[in-house]
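Enquirer: Quick one, protein_15.cif (mmCIF, C-alpha atoms):
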```
data_data
#
loop_
_atom_site.label_atom_id
_atom_site.label_comp_id
_atom_site.auth_asym_id
_atom_site.auth_seq_id
_atom_site.Cartn_x
_atom_site.Cartn_y
_atom_site.Cartn_z
CA MET A 1 37.38 -52.26 77.10
CA SER A 2 38.83 -54.45 74.36
CA GLY A 3 37.74 -58.08 74.10
CA GLU A 4 41.23 -59.18 75.01
CA GLN A 5 41.20 -57.15 78.22
CA ALA A 6 37.72 -58.35 79.10
CA PHE A 7 38.82 -61.97 78.59
CA ALA A 8 41.91 -61.51 80.78
CA GLU A 9 39.81 -59.88 83.48
CA THR A 10 37.21 -62.65 83.37
CA ILE A 11 39.90 -65.30 83.87
CA GLU A 12 41.68 -63.24 86.50
CA LYS A 13 38.51 -62.76 88.55
CA ASP A 14 37.68 -66.45 88.22
CA GLN A 15 34.49 -65.67 86.34
CA ARG A 16 33.16 -67.69 83.40
CA VAL A 17 33.75 -67.13 79.70
CA GLU A 18 30.45 -67.37 77.80
CA PRO A 19 29.87 -68.33 74.14
CA ARG A 20 29.53 -64.86 72.63
CA ASP A 21 32.52 -63.36 74.50
CA TRP A 22 35.74 -62.59 72.69
CA MET A 23 38.32 -65.31 73.36
CA PRO A 24 41.80 -66.05 72.00
CA ASP A 25 41.83 -68.46 69.05
CA GLY A 26 44.02 -70.83 71.05
CA TYR A 27 41.50 -70.90 73.89
CA ARG A 28 38.65 -71.66 71.49
CA LYS A 29 40.64 -74.39 69.73
CA THR A 30 41.80 -75.97 72.97
CA MET A 31 38.28 -75.92 74.40
CA ILE A 32 36.78 -77.48 71.25
CA ARG A 33 39.48 -80.16 71.25
CA GLN A 34 39.06 -80.92 74.95
CA ILE A 35 35.25 -80.97 74.89
CA ALA A 36 35.10 -83.01 71.68
CA GLN A 37 37.60 -85.52 73.02
CA HIS A 38 35.53 -85.80 76.18
CA ALA A 39 32.28 -86.20 74.20
CA HIS A 40 33.84 -88.88 71.99
CA SER A 41 35.02 -90.72 75.13
CA GLU A 42 31.46 -90.85 76.46
CA ILE A 43 30.12 -92.13 73.13
CA ILE A 44 32.85 -94.72 72.60
CA GLY A 45 32.58 -95.55 76.31
CA MET A 46 29.11 -96.99 75.66
CA GLN A 47 30.66 -99.94 73.82
CA PRO A 48 32.70 -101.89 76.39
CA GLU A 49 29.80 -102.08 78.82
CA GLY A 50 27.06 -102.13 76.20
CA GLU A 51 28.36 -105.52 75.13
CA TRP A 52 27.14 -106.92 78.46
CA ILE A 53 23.57 -105.64 78.39
CA THR A 54 22.18 -108.78 76.76
CA ARG A 55 24.26 -110.98 79.06
CA ALA A 56 23.55 -109.28 82.39
CA PRO A 57 22.80 -111.96 85.00
CA SER A 58 19.46 -110.55 86.20
CA LEU A 59 16.73 -108.17 85.14
CA ARG A 60 17.85 -105.75 87.86
CA ARG A 61 21.44 -105.69 86.57
CA LYS A 62 20.19 -105.33 83.00
CA ALA A 63 17.99 -102.35 83.85
CA ILE A 64 20.87 -100.70 85.75
CA LEU A 65 23.33 -101.27 82.92
CA LEU A 66 20.90 -99.98 80.31
CA ALA A 67 20.38 -96.81 82.35
CA LYS A 68 24.10 -96.39 82.75
CA VAL A 69 24.90 -96.80 79.06
CA GLN A 70 22.05 -94.42 78.23
CA ASP A 71 23.65 -91.91 80.61
CA GLU A 72 26.94 -92.20 78.70
CA ALA A 73 25.07 -91.29 75.52
CA GLY A 74 23.49 -88.39 77.38
CA HIS A 75 26.87 -87.18 78.62
CA GLY A 76 28.23 -87.28 75.09
CA LEU A 77 25.31 -85.16 73.91
CA TYR A 78 25.64 -82.58 76.73
CA LEU A 79 29.25 -82.21 75.67
CA TYR A 80 28.59 -81.96 71.92
CA SER A 81 26.06 -79.29 72.86
CA ALA A 82 28.78 -77.39 74.76
CA ALA A 83 31.17 -77.76 71.81
CA GLU A 84 28.57 -76.31 69.46
CA THR A 85 28.49 -73.10 71.50
CA LEU A 86 32.08 -72.57 70.33
CA GLY A 87 31.15 -72.88 66.66
CA ALA A 88 31.87 -76.60 66.27
CA ASP A 89 29.32 -78.78 64.50
CA ARG A 90 28.54 -82.15 66.00
CA GLY A 91 28.20 -83.92 62.66
CA ASP A 92 31.65 -82.69 61.79
CA LEU A 93 33.01 -83.80 65.18
CA THR A 94 31.61 -87.29 64.62
CA ARG A 95 33.33 -87.44 61.25
CA ARG A 96 36.60 -86.40 62.85
CA LEU A 97 36.23 -89.20 65.40
CA ILE A 98 35.45 -91.81 62.77
CA GLU A 99 38.34 -90.67 60.59
CA GLY A 100 40.72 -90.83 63.55
CA ARG A 101 41.42 -87.09 63.47
CA GLN A 102 40.19 -86.61 67.04
CA LYS A 103 40.92 -88.83 70.01
CA TYR A 104 39.00 -90.32 72.90
CA SER A 105 40.12 -91.67 76.25
CA SER A 106 42.55 -94.57 75.89
CA ILE A 107 40.74 -96.54 78.60
CA PHE A 108 37.94 -97.59 76.24
CA ASN A 109 40.36 -99.49 74.05
CA TYR A 110 40.55 -102.32 76.57
CA PRO A 111 38.17 -105.29 76.30
CA THR A 112 35.51 -106.30 78.86
CA LEU A 113 36.16 -110.00 79.31
CA SER A 114 33.73 -110.86 82.11
CA PHE A 115 30.73 -109.37 83.87
CA ALA A 116 33.03 -108.36 86.74
CA ASP A 117 34.53 -105.85 84.27
CA VAL A 118 31.22 -103.98 84.33
CA GLY A 119 31.62 -103.56 88.10
CA VAL A 120 35.28 -102.63 87.90
CA ILE A 121 34.62 -100.06 85.18
CA GLY A 122 32.01 -98.44 87.41
CA TRP A 123 34.26 -98.47 90.43
CA LEU A 124 37.70 -97.66 88.98
CA VAL A 125 37.12 -96.09 85.55
CA ASP A 126 34.15 -93.98 86.61
CA GLY A 127 35.91 -93.29 89.92
CA ALA A 128 38.92 -91.94 88.04
CA ALA A 129 36.60 -89.99 85.75
CA ILE A 130 34.94 -88.39 88.78
CA CYS A 131 38.37 -87.34 90.13
CA ASN A 132 39.13 -85.75 86.78
CA GLN A 133 35.72 -84.21 86.28
CA VAL A 134 34.82 -82.66 89.62
CA PRO A 135 37.41 -79.88 89.17
CA LEU A 136 36.16 -79.37 85.59
CA CYS A 137 32.84 -78.16 86.99
CA ARG A 138 34.80 -74.95 87.67
CA SER A 139 36.26 -74.77 84.16
CA SER A 140 36.53 -71.19 82.96
CA TYR A 141 34.32 -72.01 79.97
CA GLY A 142 30.73 -71.66 81.21
CA PRO A 143 28.87 -74.20 79.04
CA TYR A 144 31.52 -76.86 79.70
CA GLY A 145 31.39 -76.29 83.46
CA ARG A 146 27.60 -76.54 83.43
CA ALA A 147 27.67 -79.77 81.41
CA MET A 148 30.21 -81.17 83.86
CA ILE A 149 27.97 -80.42 86.85
CA ARG A 150 25.20 -82.49 85.29
CA ILE A 151 27.60 -85.27 84.39
CA CYS A 152 29.18 -85.46 87.84
CA LYS A 153 25.78 -85.84 89.48
CA GLU A 154 25.09 -88.85 87.28
CA GLU A 155 28.58 -90.39 87.55
CA SER A 156 28.05 -90.98 91.22
CA PHE A 157 25.33 -93.51 90.37
CA HIS A 158 27.75 -95.16 87.95
CA GLN A 159 30.44 -95.61 90.53
CA ARG A 160 28.14 -96.84 93.26
CA GLN A 161 26.35 -99.40 91.08
CA GLY A 162 29.77 -100.77 90.07
CA TYR A 163 30.99 -101.06 93.63
CA GLU A 164 27.74 -102.66 94.76
CA LEU A 165 27.98 -105.18 91.90
CA LEU A 166 31.52 -106.09 93.02
CA MET A 167 30.48 -106.41 96.67
CA THR A 168 27.78 -108.84 95.57
CA MET A 169 30.27 -110.91 93.57
CA MET A 170 32.75 -110.90 96.45
CA ARG A 171 30.08 -112.47 98.67
CA GLY A 172 29.67 -115.21 96.04
CA THR A 173 31.65 -118.29 95.06
CA PRO A 174 35.48 -118.44 94.90
CA ALA A 175 35.14 -118.40 91.11
CA GLN A 176 33.19 -115.14 91.27
CA GLN A 177 35.75 -113.64 93.64
CA GLU A 178 38.49 -114.62 91.22
CA MET A 179 36.65 -112.93 88.38
CA VAL A 180 36.62 -109.69 90.38
CA GLN A 181 40.32 -109.92 91.23
CA ASP A 182 41.16 -110.68 87.59
CA ALA A 183 39.19 -107.66 86.41
CA VAL A 184 40.89 -105.43 89.00
CA ASN A 185 44.29 -106.70 87.84
CA ARG A 186 43.52 -105.79 84.25
CA TRP A 187 41.89 -102.36 84.85
CA TRP A 188 44.04 -100.91 87.64
CA TRP A 189 46.96 -99.63 85.54
CA PRO A 190 44.86 -98.39 82.62
CA SER A 191 42.74 -96.49 85.18
CA LEU A 192 45.85 -94.73 86.52
CA MET A 193 46.78 -93.81 82.95
CA MET A 194 43.43 -92.02 82.53
CA PHE A 195 44.97 -89.00 84.28
CA GLY A 196 47.37 -88.55 81.39
CA PRO A 197 51.16 -88.53 81.23
CA PRO A 198 53.25 -87.44 84.23
CA ASP A 199 53.43 -83.68 84.77
CA ASP A 200 56.93 -83.29 83.35
CA GLN A 201 55.74 -84.85 80.07
CA SER A 202 52.47 -82.93 79.75
CA PRO A 203 53.31 -80.03 77.43
CA ASN A 204 49.91 -78.31 77.19
CA SER A 205 49.22 -78.26 80.90
CA ALA A 206 50.77 -74.88 81.78
CA GLN A 207 48.63 -72.95 79.28
CA SER A 208 45.50 -74.85 80.31
CA MET A 209 46.19 -74.04 83.97
CA ALA A 210 46.67 -70.35 83.12
CA TRP A 211 43.34 -70.33 81.27
CA LYS A 212 41.72 -72.16 84.21
CA ILE A 213 40.58 -74.91 81.87
CA LYS A 214 42.54 -77.29 84.04
CA ARG A 215 42.61 -76.88 87.79
CA HIS A 216 44.96 -79.61 89.04
CA SER A 217 47.94 -81.37 87.51
CA ASN A 218 47.75 -84.95 86.21
CA ASP A 219 49.96 -86.28 89.00
CA GLU A 220 47.96 -84.49 91.70
CA LEU A 221 44.71 -86.06 90.49
CA ARG A 222 46.32 -89.49 90.11
CA GLN A 223 47.51 -89.31 93.72
CA ARG A 224 44.05 -88.26 94.88
CA PHE A 225 42.53 -91.24 93.06
CA VAL A 226 44.98 -93.72 94.58
CA ASP A 227 44.38 -92.33 98.08
CA MET A 228 40.62 -92.63 97.61
CA THR A 229 40.72 -96.10 96.12
CA VAL A 230 43.04 -98.05 98.43
CA PRO A 231 40.61 -98.15 101.38
CA GLN A 232 37.79 -99.07 98.99
CA ALA A 233 39.84 -102.01 97.71
CA GLU A 234 40.46 -103.13 101.29
CA ALA A 235 36.77 -102.94 102.12
CA LEU A 236 36.02 -104.99 99.02
CA GLY A 237 38.69 -107.56 99.79
CA VAL A 238 40.68 -107.29 96.55
CA THR A 239 44.38 -106.65 96.04
CA LEU A 240 45.52 -103.79 93.82
CA PRO A 241 48.23 -105.23 91.53
CA ASP A 242 51.08 -102.94 92.59
CA PRO A 243 53.81 -104.28 94.92
CA GLU A 244 55.04 -100.72 95.52
CA LEU A 245 51.72 -99.57 96.92
CA ALA A 246 52.30 -98.49 100.55
CA TRP A 247 51.17 -95.80 102.96
CA ASN A 248 53.73 -93.04 103.36
CA ALA A 249 53.09 -91.41 106.73
CA GLU A 250 55.56 -88.61 106.01
CA ARG A 251 53.76 -87.50 102.86
CA GLY A 252 50.32 -88.42 104.17
CA HIS A 253 49.69 -90.23 100.88
CA TYR A 254 50.04 -93.68 99.39
CA ASP A 255 53.20 -94.33 97.39
CA PHE A 256 52.61 -96.29 94.22
CA GLY A 257 54.47 -97.72 91.24
CA THR A 258 54.93 -96.16 87.81
CA PRO A 259 52.43 -97.01 85.09
CA ASP A 260 53.87 -98.30 81.82
CA TRP A 261 53.87 -95.01 79.94
CA SER A 262 54.96 -96.68 76.72
CA GLU A 263 51.71 -98.66 76.85
CA LEU A 264 49.70 -95.44 77.19
CA LYS A 265 51.52 -93.98 74.17
CA ARG A 266 50.88 -97.12 72.17
CA VAL A 267 47.17 -97.24 72.99
CA ILE A 268 46.68 -93.50 72.35
CA SER A 269 48.39 -93.75 69.00
CA GLY A 270 45.97 -96.47 67.91
CA ASP A 271 47.65 -99.71 68.88
CA GLY A 272 45.51 -100.79 71.84
CA PRO A 273 43.62 -104.08 72.04
CA CYS A 274 40.30 -102.66 70.74
CA ASN A 275 41.02 -99.35 68.93
CA ALA A 276 40.08 -100.62 65.48
CA GLN A 277 36.98 -102.41 66.75
CA ARG A 278 35.69 -99.34 68.62
CA ILE A 279 36.01 -97.03 65.64
CA ALA A 280 34.62 -99.61 63.22
CA HIS A 281 31.57 -99.99 65.45
CA ARG A 282 31.05 -96.22 65.66
CA ARG A 283 31.42 -95.90 61.90
CA LYS A 284 28.89 -98.66 61.29
CA ALA A 285 26.38 -97.10 63.71
CA ASP A 286 26.78 -93.79 61.89
CA GLU A 287 26.35 -95.37 58.46
CA ASP A 288 23.44 -97.57 59.53
CA GLY A 289 21.65 -94.53 60.95
CA ALA A 290 22.16 -92.33 57.90
CA TRP A 291 18.91 -93.30 56.18
CA VAL A 292 16.94 -92.58 59.34
CA ARG A 293 18.43 -89.11 59.63
CA GLU A 294 17.77 -88.44 55.98
CA ALA A 295 14.20 -89.70 56.20
CA ALA A 296 13.48 -87.60 59.29
CA ALA A 297 14.90 -84.50 57.59
CA ALA A 298 12.84 -85.18 54.45
CA HIS A 299 9.70 -85.71 56.51
CA ALA A 300 10.29 -82.48 58.44
CA ALA A 301 10.88 -80.57 55.21
CA LYS A 302 7.71 -81.94 53.66
CA ARG A 303 5.63 -81.09 56.70
CA ALA A 304 7.06 -77.59 56.85
CA GLY A 305 6.07 -77.15 53.20
CA VAL A 306 9.53 -75.98 52.25
CA GLN A 307 12.70 -77.81 51.55
CA ALA A 308 14.92 -77.57 54.57
CA MET B 1 15.22 -83.72 45.26
CA SER B 2 17.33 -85.72 47.68
CA ASP B 3 20.31 -83.57 46.75
CA GLU B 4 18.51 -80.53 48.05
CA ILE B 5 17.69 -81.99 51.47
CA LYS B 6 20.09 -80.85 54.13
CA HIS B 7 20.83 -83.91 56.19
CA GLU B 8 22.26 -82.15 59.21
CA TRP B 9 19.38 -81.55 61.60
CA PRO B 10 18.95 -78.02 62.95
CA LEU B 11 19.94 -77.04 66.47
CA PHE B 12 17.33 -76.45 69.18
CA GLU B 13 17.74 -74.80 72.58
CA VAL B 14 16.03 -76.59 75.45
CA PHE B 15 14.35 -75.03 78.49
CA VAL B 16 13.06 -77.08 81.41
CA ARG B 17 10.66 -76.14 84.21
CA ALA B 18 12.02 -78.04 87.22
CA LYS B 19 8.71 -77.92 89.11
CA ARG B 20 5.46 -76.04 89.10
CA GLY B 21 5.91 -72.48 90.27
CA LEU B 22 9.40 -72.06 88.75
CA ASN B 23 10.44 -70.54 85.43
CA HIS B 24 11.68 -72.60 82.52
CA VAL B 25 15.49 -72.51 82.59
CA HIS B 26 17.88 -73.06 79.69
CA VAL B 27 19.64 -76.43 80.03
CA GLY B 28 21.43 -76.93 76.72
CA SER B 29 20.83 -77.76 73.10
CA LEU B 30 20.26 -80.74 70.84
CA ARG B 31 19.84 -81.65 67.17
CA ALA B 32 16.48 -82.76 65.80
CA ALA B 33 14.68 -82.86 62.47
CA ASP B 34 11.72 -80.82 63.74
CA HIS B 35 10.13 -79.39 66.87
CA GLN B 36 8.27 -82.56 67.79
CA MET B 37 11.39 -84.67 67.63
CA ALA B 38 13.28 -81.99 69.55
CA LEU B 39 10.73 -82.26 72.33
CA HIS B 40 11.08 -86.04 72.51
CA HIS B 41 14.86 -85.92 72.42
CA ALA B 42 14.82 -83.22 75.11
CA ARG B 43 12.78 -85.49 77.35
CA ASP B 44 15.24 -88.36 76.87
CA LEU B 45 18.32 -86.20 77.19
CA TYR B 46 17.53 -83.63 79.86
CA THR B 47 14.88 -85.23 82.09
CA ARG B 48 16.03 -88.80 82.76
CA ARG B 49 15.76 -88.28 86.53
CA ASN B 50 12.63 -86.22 87.16
CA GLU B 51 14.45 -82.97 86.38
CA GLY B 52 11.34 -81.34 85.03
CA VAL B 53 7.60 -81.12 84.56
CA SER B 54 7.56 -79.08 81.34
CA ILE B 55 9.89 -78.53 78.38
CA TRP B 56 10.21 -75.77 75.78
CA VAL B 57 12.26 -76.16 72.62
CA VAL B 58 13.22 -73.21 70.42
CA ARG B 59 15.20 -73.28 67.22
CA SER B 60 18.60 -71.82 68.01
CA ASP B 61 18.58 -69.62 64.92
CA ASP B 62 15.37 -68.00 66.18
CA VAL B 63 17.09 -66.76 69.32
CA VAL B 64 18.11 -63.10 69.21
CA ALA B 65 20.75 -62.27 71.80
CA SER B 66 22.43 -59.12 73.05
CA SER B 67 26.10 -58.99 72.24
CA PRO B 68 28.85 -58.74 74.87
CA GLY B 69 30.22 -55.78 72.88
CA ASP B 70 26.99 -53.88 73.53
CA LYS B 71 27.23 -54.42 77.26
CA GLU B 72 27.86 -50.74 78.03
CA ALA B 73 25.04 -49.40 75.91
CA PHE B 74 22.65 -52.08 77.09
CA PHE B 75 23.28 -52.35 80.79
CA ALA B 76 25.31 -49.33 81.93
CA PRO B 77 22.37 -46.84 82.04
CA SER B 78 20.77 -48.69 84.94
CA GLY B 79 23.94 -48.14 86.99
CA ASP B 80 23.27 -44.44 87.60
CA LYS B 81 19.59 -44.87 88.44
CA MET B 82 20.03 -45.76 92.05
CA TYR B 83 16.68 -44.15 92.82
CA ARG B 84 15.07 -47.28 91.40
CA HIS B 85 16.23 -49.21 94.45
CA PRO B 86 14.43 -49.07 97.80
CA THR B 87 17.68 -48.56 99.74
CA TYR B 88 18.15 -45.18 97.97
CA TYR B 89 15.59 -43.64 100.33
CA ALA B 90 16.53 -42.77 103.90
CA ILE B 91 13.67 -43.49 106.30
CA PRO B 92 14.12 -43.09 110.08
CA ASP B 93 14.29 -46.37 112.01
CA SER B 94 11.39 -45.20 114.13
CA VAL B 95 8.99 -45.57 111.19
CA PRO B 96 7.60 -49.13 111.23
CA HIS B 97 6.72 -51.53 108.39
CA ILE B 98 8.41 -49.73 105.49
#
```
Now that the file is in, can you turn its structure into structure tokens?
Expert:
Amino acid sequence: MSGEQAFAETIEKDQRVEPRDWMPDGYRKTMIRQIAQHAHSEIIGMQPEGEWITRAPSLRRKAILLAKVQDEAGHGLYLYSAAETLGADRGDLTRRLIEGRQKYSSIFNYPTLSFADVGVIGWLVDGAAICNQVPLCRSSYGPYGRAMIRICKEESFHQRQGYELLMTMMRGTPAQQEMVQDAVNRWWWPSLMMFGPPDDQSPNSAQSMAWKIKRHSNDELRQRFVDMTVPQAEALGVTLPDPELAWNAERGHYDFGTPDWSELKRVISGDGPCNAQRIAHRRKADEDGAWVREAAAAHAAKRAGVQA
Amino acid sequence: MSDEIKHEWPLFEVFVRAKRGLNHVHVGSLRAADHQMALHHARDLYTRRNEGVSIWVVRSDDVVASSPGDKEAFFAPSGDKMYRHPTYYAIPDSVPHI
């Protein structure tokens, strides 16, 4: 059987494609792009919340936040590991990120203005990520699916710690409650945009569906997220900032307003509130760590008695 | 000399034993300067929540793998050796414990 036939049969039977299998160039390229973009999002995603580690209001919150940000680093590394099975090189991927040749999720270009943002990111941003990621556990590319299973297990902690943090603040003073509402107001629409453009403006989706890289459309997942989140907002006692949000008994779903797609385009193309800051920080971390990497390599080479 | 040092760390494959009595299972890969560092990174990366009691790291370029193209030659011969399986042998139901 030719590689091409074997690939088609693997996809058809809903089995997994593994690293050494023949695969179309387009599949390989799309997978590398998708996995790298996802890995970069995890790595850049450490920044907005990382800024609050030193300012967490208690030792408990600090320990939780440290663990969470460490998880984001871990998720990035699981994903770079998956990308390397396709022939990508993680050093090269990092350079592409720093040089702006590869993207990351637009959500991390928004600032975290108060500690309530840490809670809202856990609840809404990680909640949206879970909606996106659960179906990816069944991605046709084996190493990606396996990385996603690990990630999803850990994301659940992220979402719950966020929601618990918000519940605590909502039991606090009016000022604390206002902080939560303010954070919800700022993160709600960007969270909806995390699912990508509407289906009729999502050109690569059809091919990704056919390859079983993508299992549900952007709009389907967005709807699922809204349906999940509305009762959680009610339980928390916050208002989601969308006057069009209403239960539609006929559809059995919540109706909701249209995100500002021009904002998504702007932020993706580099003009969000924190794009430059995020990349500058990543670049600096890479440059500041260079001597450590060099020293470790030199030490290893010396100990091995040969030049590596 | 510094020109001759390759700064990109080599790739290592990581295997974790989830608990005593089970095999080590492949969990992914990571970059490290040497085996010792690979082991430490593997602990931080793959066992943050008691996922294991023992870790192996192996340099990826030391792994020799069968190729999907050789699948027929490698694995097909066992297909026609049904006599290696216990169900190949018909034993009357009346015979106990077999």
Enquirer: Which residues fall under the PyMOL selection byres ((chain B) within 6 of (chain A)) in this file, as a PyMOL selection string?
Expert: chain B and resi 7+29+33-34+45+68
Enquirer: Using all atoms listed in the file, which residues sit within 12 Å of B:His41 once same-chain residues fewer than 4 positions away are excluded, as a ChimeraX atom specification?
Expert: /A:73-74,77 /B:11-14,28-37,45-48,55-57
Enquirer: Which of these, B:Gly79, B:Gly52, B:Pro96, B:Pro10, has the shortest distance to B:Asn23 once you count all atoms listed in the file?
Expert: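 For B:Asn23, the nearest of the candidates is B:Gly52.
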Enquirer: Could you give me, as a list of chain:residue names, the residues within 12 Å of stretch 247-251 of chain A, counting all atoms listed in the file and dropping anything in the same chain fewer than 6 positions from it?
Expert: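 Everything that qualifies: A:Gln223, A:Val226, A:Asp227, A:Val230, A:Pro231.
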Enquirer: Nearest to B:Val27: which of B:Ser78, B:Ala65, B:His97, B:Val58 is it, counting all atoms listed in the file?
Expert: B:Val58
Enquirer: What's the separation between atom CA of A:Arg171 and atom CA of A:Ala233, in Å to one decimal place?
Expert: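 Those two atoms sit 14.3 Å apart.
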Enquirer: Report the distance between atom CA of A:Ser202 and atom CA of A:Leu264 in Å, rounded to one decimal place.
Expert: 13.1 Å
Enquirer: Please, what distance in Å, to one decimal, runs between atom CA of A:Pro24 and atom CA of B:Val64?
Expert: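 Going from atom CA of A:Pro24 over to atom CA of B:Val64 covers 24.0 Å.
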Enquirer: Select, from A:Lys212, A:His158, A:Arg224, A:Arg55, the residue with the minimum atom-to-atom distance to A:Gly119, counting all atoms listed in the file.
Expert: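 Residue with the minimum atom-to-atom distance to A:Gly119: A:His158.
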